[in-house]
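Novice: Input upload_9.csv, format and content: CSV, C-alpha atoms.
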```csv
chain,number,residue,atom,x,y,z
A,174,MET,CA,-50.9,-14.0,8.1
A,175,ASP,CA,-47.9,-13.9,10.5
A,176,GLN,CA,-48.1,-15.7,13.7
A,177,ILE,CA,-46.1,-15.1,16.8
A,178,PRO,CA,-44.7,-18.3,18.2
A,179,ILE,CA,-45.3,-19.3,21.8
A,180,LEU,CA,-42.6,-21.6,23.3
A,181,LYS,CA,-43.1,-23.6,26.4
A,182,ILE,CA,-40.1,-23.8,28.8
A,183,GLY,CA,-41.0,-25.9,31.9
A,184,ASP,CA,-44.0,-24.2,33.3
A,185,CYS,CA,-43.3,-21.0,31.6
A,186,LEU,CA,-44.4,-19.7,28.2
A,187,LEU,CA,-42.0,-17.6,26.1
A,188,VAL,CA,-43.3,-15.1,23.6
A,189,SER,CA,-40.7,-13.4,21.5
A,190,ILE,CA,-42.0,-10.5,19.5
A,191,GLN,CA,-39.8,-10.0,16.4
A,192,VAL,CA,-42.1,-8.3,14.0
A,193,ASP,CA,-44.1,-5.1,13.9
A,194,MET,CA,-47.3,-5.5,15.9
A,195,HIS,CA,-50.6,-4.5,14.4
A,196,ASP,CA,-54.1,-4.9,15.7
A,197,ARG,CA,-54.9,-8.3,14.1
A,198,LEU,CA,-51.6,-9.8,15.2
A,199,ALA,CA,-52.1,-8.5,18.7
A,200,MET,CA,-55.6,-9.9,19.0
A,201,ALA,CA,-54.4,-13.3,17.6
A,202,LEU,CA,-51.5,-13.3,20.1
A,203,GLN,CA,-53.9,-12.6,23.0
A,204,ASP,CA,-56.1,-15.5,21.8
A,205,ASP,CA,-53.3,-17.9,21.3
A,206,LEU,CA,-51.6,-17.1,24.6
A,207,THR,CA,-54.7,-17.4,26.7
A,208,ASN,CA,-55.5,-20.7,25.1
A,209,LYS,CA,-52.0,-21.9,25.6
A,210,ILE,CA,-51.9,-20.9,29.3
A,211,VAL,CA,-55.0,-22.9,29.9
A,212,SER,CA,-53.9,-26.0,27.9
A,213,THR,CA,-50.3,-26.1,29.3
A,214,ARG,CA,-51.3,-24.9,32.8
A,215,ALA,CA,-48.4,-22.5,32.6
A,216,ARG,CA,-47.6,-20.4,35.7
A,217,GLY,CA,-45.5,-17.8,34.1
A,218,VAL,CA,-45.4,-15.8,30.8
A,219,MET,CA,-42.4,-14.1,29.5
A,220,ILE,CA,-42.6,-11.6,26.7
A,221,ASP,CA,-39.4,-10.7,25.0
A,222,ILE,CA,-39.5,-7.4,23.2
A,223,SER,CA,-35.8,-6.9,22.6
A,224,ALA,CA,-36.4,-6.7,18.9
A,225,LEU,CA,-39.0,-3.9,19.2
A,226,GLU,CA,-37.5,-0.6,18.2
A,227,ILE,CA,-40.8,1.4,18.0
A,228,VAL,CA,-43.6,1.3,20.5
A,229,ASP,CA,-46.8,3.2,20.6
A,230,SER,CA,-49.7,3.4,23.1
A,231,PHE,CA,-51.3,0.5,21.3
A,232,ILE,CA,-48.5,-1.9,22.1
A,233,GLY,CA,-48.3,-0.5,25.6
A,234,ARG,CA,-51.9,-1.3,26.2
A,235,MET,CA,-51.5,-4.7,24.6
A,236,LEU,CA,-48.8,-5.6,27.1
A,237,ASN,CA,-50.9,-4.4,30.0
A,238,ASN,CA,-53.9,-6.4,28.7
A,239,ILE,CA,-51.8,-9.6,28.3
A,240,ALA,CA,-50.5,-9.2,31.9
A,241,ALA,CA,-54.1,-8.7,33.2
A,242,MET,CA,-55.4,-11.7,31.3
A,243,SER,CA,-52.5,-13.9,32.5
A,244,ARG,CA,-53.2,-12.8,36.0
A,245,VAL,CA,-56.8,-13.9,35.8
A,246,LEU,CA,-55.5,-17.3,34.6
A,247,ASP,CA,-53.1,-17.4,37.5
A,248,ALA,CA,-49.9,-16.8,35.6
A,249,VAL,CA,-47.4,-14.1,36.2
A,250,THR,CA,-46.2,-11.9,33.3
A,251,VAL,CA,-42.7,-10.6,32.9
A,252,VAL,CA,-41.7,-8.3,30.0
A,253,VAL,CA,-38.0,-8.6,29.2
A,254,GLY,CA,-35.4,-7.0,27.0
A,255,MET,CA,-36.9,-3.5,26.6
A,256,GLN,CA,-34.6,-1.1,24.7
A,257,PRO,CA,-33.7,2.1,26.6
A,258,ALA,CA,-35.3,4.3,23.8
A,259,VAL,CA,-38.5,2.2,24.1
A,260,ALA,CA,-38.6,2.6,27.9
A,261,ILE,CA,-38.2,6.4,27.6
A,262,THR,CA,-40.9,6.6,24.9
A,263,LEU,CA,-43.4,4.6,27.1
A,264,VAL,CA,-42.7,6.8,30.1
A,265,GLU,CA,-43.2,9.9,28.0
A,266,LEU,CA,-46.4,8.5,26.7
A,267,GLY,CA,-47.5,8.1,30.3
A,268,LEU,CA,-47.6,4.3,30.1
A,269,ALA,CA,-45.5,3.1,33.0
A,270,LEU,CA,-47.0,-0.4,32.7
A,271,THR,CA,-47.4,-0.5,36.4
A,272,GLY,CA,-49.3,-3.9,36.3
A,273,VAL,CA,-46.4,-5.6,34.4
A,274,LYS,CA,-43.2,-7.0,35.9
A,275,THR,CA,-40.1,-6.4,34.0
A,276,ALA,CA,-36.5,-7.8,33.8
A,277,LEU,CA,-33.5,-6.8,31.8
A,278,ASN,CA,-33.1,-10.1,29.8
A,279,VAL,CA,-34.5,-13.6,29.4
A,280,ASP,CA,-32.1,-15.0,32.0
A,281,LYS,CA,-33.2,-12.5,34.7
A,282,GLY,CA,-36.8,-12.8,33.6
A,283,LEU,CA,-36.8,-16.6,34.1
A,284,ALA,CA,-35.2,-16.1,37.6
A,285,LEU,CA,-37.8,-13.5,38.4
A,286,ILE,CA,-40.7,-15.8,37.3
A,287,ARG,CA,-39.2,-18.6,39.4
A,288,ARG,CA,-39.0,-16.3,42.4
A,289,LEU,CA,-42.5,-15.0,41.9
A,290,ILE,CA,-44.1,-18.5,41.5
A,291,ASP,CA,-42.2,-19.9,44.5
A,292,GLY,CA,-43.0,-16.9,46.6
A,293,GLU,CA,-46.7,-17.3,45.8
A,294,GLU,CA,-46.6,-20.9,46.6
A,295,ASP,CA,-44.9,-20.2,49.9
A,296,SER,CA,-47.4,-17.7,51.0
A,297,ARG,CA,-50.3,-19.9,49.9
A,298,ASP,CA,-48.8,-22.8,51.8
A,299,ARG,CA,-48.5,-20.7,54.9
A,300,ARG,CA,-52.1,-19.4,54.5
A,301,GLU,CA,-53.5,-22.9,54.1
A,302,GLY,CA,-51.2,-24.7,56.5
B,237,MET,CA,-25.6,60.3,0.8
B,238,GLN,CA,-23.4,59.2,-2.1
B,239,LYS,CA,-21.3,62.3,-2.0
B,240,ALA,CA,-20.7,62.2,1.8
B,241,SER,CA,-19.6,58.6,1.6
B,242,ILE,CA,-17.0,59.5,-1.0
B,243,VAL,CA,-15.8,62.3,1.3
B,244,ILE,CA,-15.4,59.8,4.2
B,245,ALA,CA,-13.6,57.4,2.0
B,246,ARG,CA,-11.2,60.1,0.8
B,247,LEU,CA,-10.6,61.3,4.3
B,248,ILE,CA,-9.7,57.8,5.5
B,249,ASP,CA,-7.4,57.5,2.6
B,250,LYS,CA,-5.7,60.8,3.0
B,251,TYR,CA,-5.4,61.0,6.8
B,252,HIS,CA,-5.1,57.3,7.5
B,253,ALA,CA,-2.1,57.5,9.8
B,254,GLU,CA,-3.4,60.5,11.7
B,255,LEU,CA,-6.9,59.1,12.1
B,256,LEU,CA,-5.5,55.8,13.3
B,257,ARG,CA,-3.3,57.5,15.8
B,258,THR,CA,-5.9,59.7,17.4
B,259,TRP,CA,-8.4,56.9,17.4
B,260,LEU,CA,-6.0,54.5,19.2
B,261,ASP,CA,-5.2,57.3,21.7
B,262,ARG,CA,-8.8,57.6,22.5
B,263,LEU,CA,-9.3,53.9,22.7
B,264,THR,CA,-6.4,53.5,25.1
B,265,ARG,CA,-7.6,56.4,27.2
B,266,GLU,CA,-11.1,55.0,27.5
B,267,SER,CA,-10.3,51.4,28.1
B,268,GLY,CA,-7.5,52.3,30.5
B,269,ASP,CA,-5.2,49.4,30.1
B,270,GLN,CA,-2.1,49.2,27.9
B,271,ALA,CA,-1.8,45.5,27.8
B,272,ASP,CA,-3.3,44.7,24.4
B,273,ALA,CA,-2.2,47.8,22.5
B,274,ALA,CA,-0.8,45.7,19.7
B,275,GLN,CA,-4.0,43.7,19.3
B,276,ARG,CA,-6.0,46.9,19.4
B,277,LYS,CA,-3.9,48.5,16.7
B,278,ASP,CA,-4.3,45.5,14.5
B,279,GLN,CA,-8.1,45.5,15.0
B,280,ALA,CA,-8.3,49.3,14.3
B,281,THR,CA,-6.2,49.0,11.2
B,282,LYS,CA,-8.3,46.2,9.8
B,283,PHE,CA,-11.5,48.1,10.7
B,284,LEU,CA,-10.4,51.3,8.9
B,285,ALA,CA,-9.5,49.3,5.8
B,286,ALA,CA,-12.9,47.5,5.8
B,287,LEU,CA,-14.7,50.7,6.5
B,288,LYS,CA,-13.1,52.4,3.6
B,289,GLN,CA,-14.1,49.6,1.4
B,290,GLY,CA,-17.7,49.8,2.8
B,291,VAL,CA,-18.3,53.5,2.4
B,292,ALA,CA,-17.0,53.4,-1.2
B,293,ALA,CA,-19.7,50.9,-2.0
B,294,ALA,CA,-23.1,51.6,-3.7
B,295,GLN,CA,-25.4,50.6,-0.9
B,296,PHE,CA,-23.8,53.0,1.5
B,297,ASP,CA,-26.2,53.1,4.4
B,298,ASP,CA,-27.3,49.5,4.4
B,299,ILE,CA,-24.7,47.7,6.6
B,300,ARG,CA,-26.4,44.3,6.0
B,301,SER,CA,-25.5,44.4,2.3
B,302,SER,CA,-22.7,42.3,0.9
B,303,GLU,CA,-20.4,45.3,0.4
B,304,TRP,CA,-20.1,45.5,4.2
B,305,ALA,CA,-19.3,41.8,4.7
B,306,SER,CA,-15.6,42.4,5.5
B,307,THR,CA,-16.5,45.2,8.0
B,308,ARG,CA,-19.0,43.0,9.7
B,309,GLU,CA,-16.4,40.3,9.9
B,310,VAL,CA,-13.9,42.5,11.6
B,311,LEU,CA,-16.5,43.7,14.0
B,312,GLU,CA,-17.6,40.2,14.8
B,313,GLU,CA,-14.0,39.2,15.5
B,314,VAL,CA,-13.5,42.2,17.8
B,315,SER,CA,-16.8,41.5,19.7
B,316,ARG,CA,-15.9,37.8,20.0
B,317,ALA,CA,-12.4,38.6,21.4
B,318,ARG,CA,-13.9,41.0,23.9
B,319,ALA,CA,-16.8,38.7,24.9
B,320,LEU,CA,-14.3,35.9,25.7
B,321,ARG,CA,-12.2,38.4,27.7
B,322,GLY,CA,-15.2,39.3,29.8
B,323,ALA,CA,-15.6,42.9,28.6
B,324,THR,CA,-18.8,44.8,29.1
B,325,PRO,CA,-21.1,45.6,26.2
B,326,ALA,CA,-20.3,49.3,26.7
B,327,GLU,CA,-16.6,48.7,26.4
B,328,THR,CA,-17.1,46.7,23.2
B,329,ALA,CA,-19.4,49.4,21.6
B,330,THR,CA,-16.8,52.1,22.5
B,331,PHE,CA,-14.5,50.5,20.0
B,332,VAL,CA,-16.7,51.9,17.2
B,333,PHE,CA,-18.1,55.0,18.9
B,334,SER,CA,-14.7,56.3,19.8
B,335,LEU,CA,-13.9,56.7,16.1
B,336,LYS,CA,-16.5,59.5,16.0
B,337,GLU,CA,-14.5,62.2,17.5
B,338,PRO,CA,-11.4,61.9,15.3
B,339,LEU,CA,-13.5,61.4,12.2
B,340,PHE,CA,-15.6,64.5,12.9
B,341,ASP,CA,-12.5,66.5,13.6
B,342,LEU,CA,-11.3,65.6,10.1
B,343,LEU,CA,-14.6,66.3,8.6
B,344,ARG,CA,-14.7,69.8,10.2
B,345,ARG,CA,-11.2,70.5,8.9
B,346,GLU,CA,-12.2,69.4,5.4
B,347,ALA,CA,-15.5,71.2,5.3
B,348,GLY,CA,-14.0,74.5,6.4
B,349,LYS,CA,-16.6,77.2,6.7
B,350,ASP,CA,-19.3,75.4,4.8
B,351,ALA,CA,-21.7,74.8,7.7
B,352,GLU,CA,-24.3,73.0,5.7
B,353,LYS,CA,-21.9,70.6,4.2
B,354,LEU,CA,-20.3,69.9,7.6
B,355,ALA,CA,-23.7,69.2,9.2
B,356,ASN,CA,-24.7,66.9,6.3
B,357,GLU,CA,-21.5,64.9,6.4
B,358,THR,CA,-21.4,64.7,10.2
B,359,TRP,CA,-24.9,63.4,10.2
B,360,THR,CA,-24.1,60.7,7.6
B,361,ALA,CA,-21.0,59.6,9.4
B,362,SER,CA,-22.8,59.6,12.7
B,363,LEU,CA,-25.6,57.5,11.3
B,364,LEU,CA,-23.2,55.0,9.9
B,365,LEU,CA,-21.1,54.7,13.0
B,366,ASP,CA,-24.2,54.2,15.1
B,367,LYS,CA,-25.3,51.4,13.0
B,368,LEU,CA,-21.9,49.8,13.1
B,369,GLY,CA,-21.8,50.2,16.9
B,370,LEU,CA,-25.2,48.6,17.3
B,371,TYR,CA,-24.0,45.8,15.1
B,372,THR,CA,-21.0,45.3,17.4
B,373,VAL,CA,-23.2,45.1,20.4
B,374,GLU,CA,-25.4,42.5,18.7
B,375,ALA,CA,-22.4,40.4,17.7
B,376,PHE,CA,-21.1,40.8,21.3
B,377,GLN,CA,-24.3,39.5,22.7
B,378,LYS,CA,-24.3,36.6,20.3
B,379,SER,CA,-20.8,35.6,21.3
B,380,ARG,CA,-21.8,35.7,24.9
B,381,GLU,CA,-24.8,33.6,24.3
B,382,ASP,CA,-22.6,31.1,22.5
B,383,VAL,CA,-20.3,31.0,25.5
B,384,ILE,CA,-23.2,30.4,27.9
B,385,ARG,CA,-24.7,27.7,25.7
B,386,ARG,CA,-21.4,25.9,25.5
B,387,GLN,CA,-21.0,26.0,29.3
B,388,GLN,CA,-24.5,24.7,29.7
B,389,GLU,CA,-23.7,21.7,27.5
B,390,GLU,CA,-20.5,21.0,29.3
B,391,MET,CA,-22.3,21.2,32.7
B,392,LEU,CA,-24.9,18.8,31.4
B,393,GLU,CA,-22.3,16.3,30.4
B,394,LEU,CA,-20.3,16.7,33.7
B,395,SER,CA,-23.2,16.5,36.1
B,396,THR,CA,-24.7,13.1,35.2
B,397,PRO,CA,-22.3,10.4,36.1
B,398,VAL,CA,-23.4,6.8,36.7
B,399,VAL,CA,-21.3,4.9,39.2
B,400,GLN,CA,-21.1,1.2,39.7
B,401,LEU,CA,-21.2,0.5,43.5
B,402,TRP,CA,-21.3,-3.3,43.3
B,403,ALA,CA,-22.0,-5.9,40.8
B,404,GLY,CA,-25.6,-5.3,40.0
B,405,ILE,CA,-25.9,-2.0,41.9
B,406,LEU,CA,-25.6,1.4,40.2
B,407,ALA,CA,-25.5,4.8,41.8
B,408,LEU,CA,-26.7,8.0,40.2
B,409,PRO,CA,-25.6,11.1,42.2
B,410,LEU,CA,-27.6,14.0,40.9
B,411,ILE,CA,-26.1,17.4,41.3
B,412,GLY,CA,-28.0,20.6,40.4
B,413,THR,CA,-31.6,21.2,39.4
B,414,LEU,CA,-33.5,18.7,37.3
B,415,ASP,CA,-35.1,20.2,34.3
B,416,SER,CA,-36.6,18.3,31.4
B,417,ALA,CA,-33.5,18.5,29.3
B,418,ARG,CA,-31.3,17.1,32.1
B,419,THR,CA,-33.8,14.5,33.0
B,420,GLN,CA,-33.6,13.2,29.4
B,421,VAL,CA,-29.8,13.0,29.6
B,422,VAL,CA,-29.9,11.4,33.0
B,423,MET,CA,-32.4,8.9,31.9
B,424,GLU,CA,-30.6,7.9,28.7
B,425,ASN,CA,-27.4,7.6,30.7
B,426,LEU,CA,-28.9,5.5,33.4
B,427,LEU,CA,-30.7,3.1,31.0
B,428,GLN,CA,-27.6,2.7,28.9
B,429,HIS,CA,-25.6,1.7,32.0
B,430,ILE,CA,-28.4,-0.7,33.1
B,431,VAL,CA,-28.1,-2.5,29.8
B,432,THR,CA,-24.3,-2.7,29.8
B,433,SER,CA,-23.8,-3.6,33.5
B,434,GLY,CA,-27.0,-5.7,33.9
B,435,ALA,CA,-27.7,-3.9,37.1
B,436,GLU,CA,-30.9,-4.7,39.0
B,437,ILE,CA,-30.8,-1.9,41.5
B,438,ALA,CA,-30.2,1.8,40.9
B,439,ILE,CA,-29.7,4.2,43.8
B,440,ILE,CA,-30.6,7.8,42.8
B,441,ASP,CA,-28.9,10.2,45.3
B,442,ILE,CA,-30.5,13.6,45.4
B,443,THR,CA,-28.2,15.2,48.0
B,444,GLY,CA,-27.0,17.7,45.4
B,445,VAL,CA,-30.5,18.7,44.2
B,446,PRO,CA,-31.2,22.0,45.8
B,447,THR,CA,-35.0,21.9,45.6
B,448,VAL,CA,-37.6,19.2,44.9
B,449,ASP,CA,-40.9,20.7,43.7
B,450,THR,CA,-43.7,18.9,41.9
B,451,LEU,CA,-41.9,19.2,38.5
B,452,VAL,CA,-38.6,17.8,39.8
B,453,ALA,CA,-40.6,15.0,41.5
B,454,GLN,CA,-42.3,14.2,38.2
B,455,HIS,CA,-39.0,14.0,36.4
B,456,LEU,CA,-37.6,11.7,39.1
B,457,LEU,CA,-40.7,9.5,38.8
B,458,LYS,CA,-40.2,9.3,35.0
B,459,THR,CA,-36.6,8.2,35.4
B,460,ILE,CA,-37.7,5.6,38.0
B,461,SER,CA,-40.5,4.3,35.7
B,462,ALA,CA,-38.1,4.0,32.8
B,463,ALA,CA,-35.6,2.1,34.9
B,464,ARG,CA,-38.3,-0.2,36.1
B,465,LEU,CA,-39.4,-0.9,32.5
B,466,MET,CA,-35.8,-2.1,32.0
B,467,GLY,CA,-36.1,-4.4,35.0
B,468,ALA,CA,-34.2,-2.3,37.5
B,469,ASP,CA,-35.6,-1.1,40.8
B,470,CYS,CA,-34.7,2.3,42.1
B,471,ILE,CA,-34.0,3.5,45.6
B,472,ILE,CA,-33.9,7.2,46.3
B,473,SER,CA,-31.4,8.5,48.8
B,474,GLY,CA,-30.0,11.7,50.2
B,475,ILE,CA,-33.3,13.5,50.9
B,476,ARG,CA,-32.3,16.3,53.2
B,477,PRO,CA,-34.6,17.2,56.2
B,478,GLN,CA,-35.8,20.5,54.7
B,479,ILE,CA,-36.5,18.8,51.4
B,480,ALA,CA,-38.5,16.1,53.1
B,481,GLN,CA,-40.6,18.9,54.8
B,482,THR,CA,-41.1,20.8,51.5
B,483,MET,CA,-42.1,17.6,49.7
B,484,VAL,CA,-44.8,16.9,52.3
B,485,HIS,CA,-46.0,20.4,52.3
B,486,LEU,CA,-46.3,20.4,48.5
B,487,GLY,CA,-48.0,17.0,48.6
B,488,VAL,CA,-45.3,15.5,46.5
B,489,GLU,CA,-45.3,11.8,46.7
B,490,LEU,CA,-42.5,9.6,45.4
B,491,ASP,CA,-44.0,6.2,45.4
B,492,VAL,CA,-40.6,4.4,45.8
B,493,VAL,CA,-38.4,3.2,48.6
B,494,SER,CA,-36.4,6.1,49.9
B,495,LYS,CA,-33.5,6.2,52.4
B,496,ALA,CA,-32.0,9.1,54.2
B,497,THR,CA,-28.4,8.4,53.2
B,498,MET,CA,-26.6,6.7,50.4
B,499,ALA,CA,-25.1,4.2,53.0
B,500,ASP,CA,-28.6,3.0,54.1
B,501,ALA,CA,-29.6,2.7,50.4
B,502,LEU,CA,-26.5,0.6,49.7
B,503,ALA,CA,-27.2,-1.6,52.7
B,504,LEU,CA,-30.7,-2.2,51.4
B,505,ALA,CA,-29.5,-2.9,47.9
B,506,LEU,CA,-26.9,-5.4,49.1
B,507,ARG,CA,-29.6,-7.2,51.2
B,508,ARG,CA,-31.9,-7.4,48.1
B,509,ILE,CA,-29.2,-9.0,45.9
B,510,GLY,CA,-28.5,-11.4,48.8
B,511,LYS,CA,-25.3,-10.0,50.1
B,512,THR,CA,-24.5,-9.3,53.7
B,513,VAL,CA,-21.9,-7.1,55.3
B,514,VAL,CA,-20.4,-8.7,58.4
B,515,ASP,CA,-18.0,-7.5,61.0
B,516,ARG,CA,-15.1,-9.7,61.4
B,517,ALA,CA,-15.4,-11.1,64.9
B,518,LYS,CA,-11.7,-11.1,65.6
B,519,PRO,CA,-9.3,-8.9,63.7
B,520,GLU,CA,-7.2,-11.4,61.8
B,521,ARG,CA,-3.7,-10.6,60.7
B,522,ALA,CA,-4.1,-9.2,57.3
B,523,THR,CA,-2.3,-11.1,54.5
B,524,GLY,CA,-1.5,-8.1,52.4
```
What does this structure look like when you write it as structure tokens?

Specialist:
Amino acid sequence: MDQIPILKIGDCLLVSIQVDMHDRLAMALQDDLTNKIVSTRARGVMIDISALEIVDSFIGRMLNNIAAMSRVLDAVTVVVGMQPAVAITLVELGLALTGVKTALNVDKGLALIRRLIDGEEDSRDRREG
Amino acid sequence: MQKASIVIARLIDKYHAELLRTWLDRLTRESGDQADAAQRKDQATKFLAALKQGVAAAQFDDIRSSEWASTREVLEEVSRARALRGATPAETATFVFSLKEPLFDLLRREAGKDAEKLANETWTASLLLDKLGLYTVEAFQKSREDVIRRQQEEMLELSTPVVQLWAGILALPLIGTLDSARTQVVMENLLQHIVTSGAEIAIIDITGVPTVDTLVAQHLLKTISAARLMGADCIISGIRPQIAQTMVHLGVELDVVSKATMADALALALRRIGKTVVDRAKPERATG
């Protein structure tokens, strides 16, 4: 069975989806990712979907789920590299992915994760200090 | 039927010049302008030739049959020319209907004292010309619709520019009503520009949108959501006072940052990407 690789960059995890997603693969990814977040104590998760040409409500929900799971484990999720056609389709499907942060490409995604993590730490420091 | 059609064909053949002249006289009198006499004569000649061919055919009273193809072609051409010139449907239909009088004159002369034959042939010719006239109006209508459709497409293309205001800041000045077809074009255009320019902020200016109702607001929100999925934040600007009032009365909520003017929106966008606009304390001597 295919497996989607999860790469660790600093305290971030990079997931690049290059193949067609189906139910089993999505479940396996959620499993792997949550395990990896815990084991590496990652603070950010970046999902690159630039190779996805077709999305459906299932993938939309999967992205939402992953974001929610990561949030529970104290990691921010950023979806990067969405194609224009995919964005339009998701909006037409009524899936605006409001719970997910987005960025244009991996570069900007990393910068956004950095900002989010630093921002959180700042506010936490202020609250505690 | 068959017999009458042959009579008409023979008449057109025999009195071609006379028929053409009286018909053109009538046409000129009714349209009232002399300018395109040459074109009118050309069209009339072509039509008579095609008509002759048509009435000689077997399926005489069915103008949709293949024998009438050349007649239909001539009529379509006439209608198209008139539609482009901005003529009214009545003017266009007159082209065919004004042939009635000269043709009936000829028929009367031909039939002589035979009242029954005259009535029969007049009826047949009248029926035929009515059909052809209606076909002309139909063709006219179709040409007009083509013109309208083309203009709509051109408007669609013209009215959705995406402007780069700064590195990373795009502006989308919307002019005209937002329907779903336009929203689609606007959305695709904006997303494409976000990809190519790598912009993080898009300012949607709705100064030129005449009304914002719930549907327009929904379309705006769709565009904003799609842009957000591509990693770009949207700012709405140019909400006129009346529109702000209407939106509140309708209960329309745009859940995004909105600014009254494009200038305010640009200031905010610059601040977000970490740029500041400063006054120069002392006007230095410009170098260029």

Novice: Here is a test: counting all atoms listed in the file, which residue of B:Lys378, B:Arg321, B:Arg464, B:Lys282 is nearest to chain A?

Specialist: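 That would be B:Arg464, the residue with the smallest distance to chain A.
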
Novice: Could you list, as a PDB file with C-alpha atoms, in the coordinates of the input, every residue of chain A that has an atom within 8 Å of an atom of chain B, counting all atoms listed in the file?

Specialist:
```
ATOM      1  CA  VAL A 253     -38.000  -8.600  29.200  1.00  0.00           C
ATOM      2  CA  GLY A 254     -35.400  -7.000  27.000  1.00  0.00           C
ATOM      3  CA  MET A 255     -36.900  -3.500  26.600  1.00  0.00           C
ATOM      4  CA  GLN A 256     -34.600  -1.100  24.700  1.00  0.00           C
ATOM      5  CA  PRO A 257     -33.700   2.100  26.600  1.00  0.00           C
ATOM      6  CA  ALA A 258     -35.300   4.300  23.800  1.00  0.00           C
ATOM      7  CA  ALA A 260     -38.600   2.600  27.900  1.00  0.00           C
ATOM      8  CA  ILE A 261     -38.200   6.400  27.600  1.00  0.00           C
ATOM      9  CA  LEU A 263     -43.400   4.600  27.100  1.00  0.00           C
ATOM     10  CA  VAL A 264     -42.700   6.800  30.100  1.00  0.00           C
ATOM     11  CA  GLU A 265     -43.200   9.900  28.000  1.00  0.00           C
ATOM     12  CA  ALA A 269     -45.500   3.100  33.000  1.00  0.00           C
ATOM     13  CA  LEU A 270     -47.000  -0.400  32.700  1.00  0.00           C
ATOM     14  CA  LYS A 274     -43.200  -7.000  35.900  1.00  0.00           C
ATOM     15  CA  THR A 275     -40.100  -6.400  34.000  1.00  0.00           C
ATOM     16  CA  ALA A 276     -36.500  -7.800  33.800  1.00  0.00           C
ATOM     17  CA  LEU A 277     -33.500  -6.800  31.800  1.00  0.00           C
TER      18      LEU A 277
END
```

Novice: For Met498 in chain B, which residue among B:Asp449, B:Asp441, B:Asp341, B:Asp350 is the nearest when counting all atoms listed in the file?

Specialist: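 Nearest to Met498 in chain B: B:Asp441.
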
Novice: May I have the residues within 6 Å of range 361-372 of chain B as a PyMOL selection string, using all atoms listed in the file and disregarding those fewer than 3 positions away in the same chain?

Specialist: chain B and resi 311+329+332+358+375-376

Novice: Write the residues of the selection above to a file with C-alpha atoms, as an mmCIF file, keeping the file's coordinate frame.

Specialist:
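result_19.cif, written as the output of this step:
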```
data_model
loop_
_atom_site.group_PDB
_atom_site.id
_atom_site.type_symbol
_atom_site.label_atom_id
_atom_site.label_comp_id
_atom_site.auth_asym_id
_atom_site.auth_seq_id
_atom_site.Cartn_x
_atom_site.Cartn_y
_atom_site.Cartn_z
ATOM 1 C CA LEU B 311 -16.500 43.700 14.000
ATOM 2 C CA ALA B 329 -19.400 49.400 21.600
ATOM 3 C CA VAL B 332 -16.700 51.900 17.200
ATOM 4 C CA THR B 358 -21.400 64.700 10.200
ATOM 5 C CA ALA B 375 -22.400 40.400 17.700
ATOM 6 C CA PHE B 376 -21.100 40.800 21.300
#
```

Novice: Report, in Å with one decimal, the straight-line distance from CA of Leu342 in chain B to CA of Trp359 in chain B.

Specialist: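 About the pair CA of Leu342 in chain B and CA of Trp359 in chain B: they are 13.8 Å apart.
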
Novice: Would you mind telling me which residue in B:Val421, B:Leu260, B:Leu247, B:Pro325 lies nearest to Glu393 in chain B when using all atoms listed in the file?

Specialist: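 Closest to Glu393 in chain B of all the choices is B:Val421.
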
Novice: Within 10 Å of Thr213 in chain A, counting all atoms listed in the file, which residues qualify if same-chain residues fewer than 4 places away don't, as a PyMOL selection string?

Specialist: chain A and resi 181+183-186+208-209

Novice: Tell me which of A:Ile177, A:Val218, A:Met194, A:Val279 sits closest to Ser243 in chain A, counting all atoms listed in the file.

Specialist: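 Of the candidates, the smallest distance to Ser243 in chain A is held by A:Val218.
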
Novice: Under the rule that all atoms listed in the file are counted, which of A:Ile210, A:Met219, A:Leu225, A:Leu268 is the nearest residue to Val245 in chain A?

Specialist: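 Going through A:Ile210, A:Met219, A:Leu225, A:Leu268 one by one, the smallest distance to Val245 in chain A is for A:Ile210.
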
Novice: Just give me the gap between CA of Ser494 in chain B and CA of Ile472 in chain B in Å, one decimal is fine.

Specialist: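 Interatomic distance, CA of Ser494 in chain B to CA of Ile472 in chain B: 4.5 Å.
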
Novice: What separation in Å, quoted to one decimal, exists between CA of Gly267 in chain A and CA of Arg197 in chain A?

Specialist: 24.2 Å

Novice: For Asp278 in chain B, list every protein, DNA or RNA residue within 12 Å, evaluated using all atoms listed in the file, and leave out those in the same chain fewer than 6 positions away; present the list as a PyMOL selection string.

Specialist: chain B and resi 256+260+272+284-285+310+313-314

Novice: For Ile509 in chain B, which residue out of B:Thr328, B:Val484, B:Thr450, B:Trp402 is the nearest one, using only C-alpha atoms?

Specialist: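 Between B:Thr328, B:Val484, B:Thr450, B:Trp402, the residue approaching Ile509 in chain B most closely is B:Trp402.
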
Novice: Extract, using all atoms listed in the file, all DNA, RNA and protein residues at most 12 Å from Gly217 in chain A, discarding same-chain residues fewer than 6 positions from it, and format them as a PyMOL selection string.

Specialist: chain A and resi 180-188+206-207+209-211+239-240+242-244+246-252+274+282-291+293
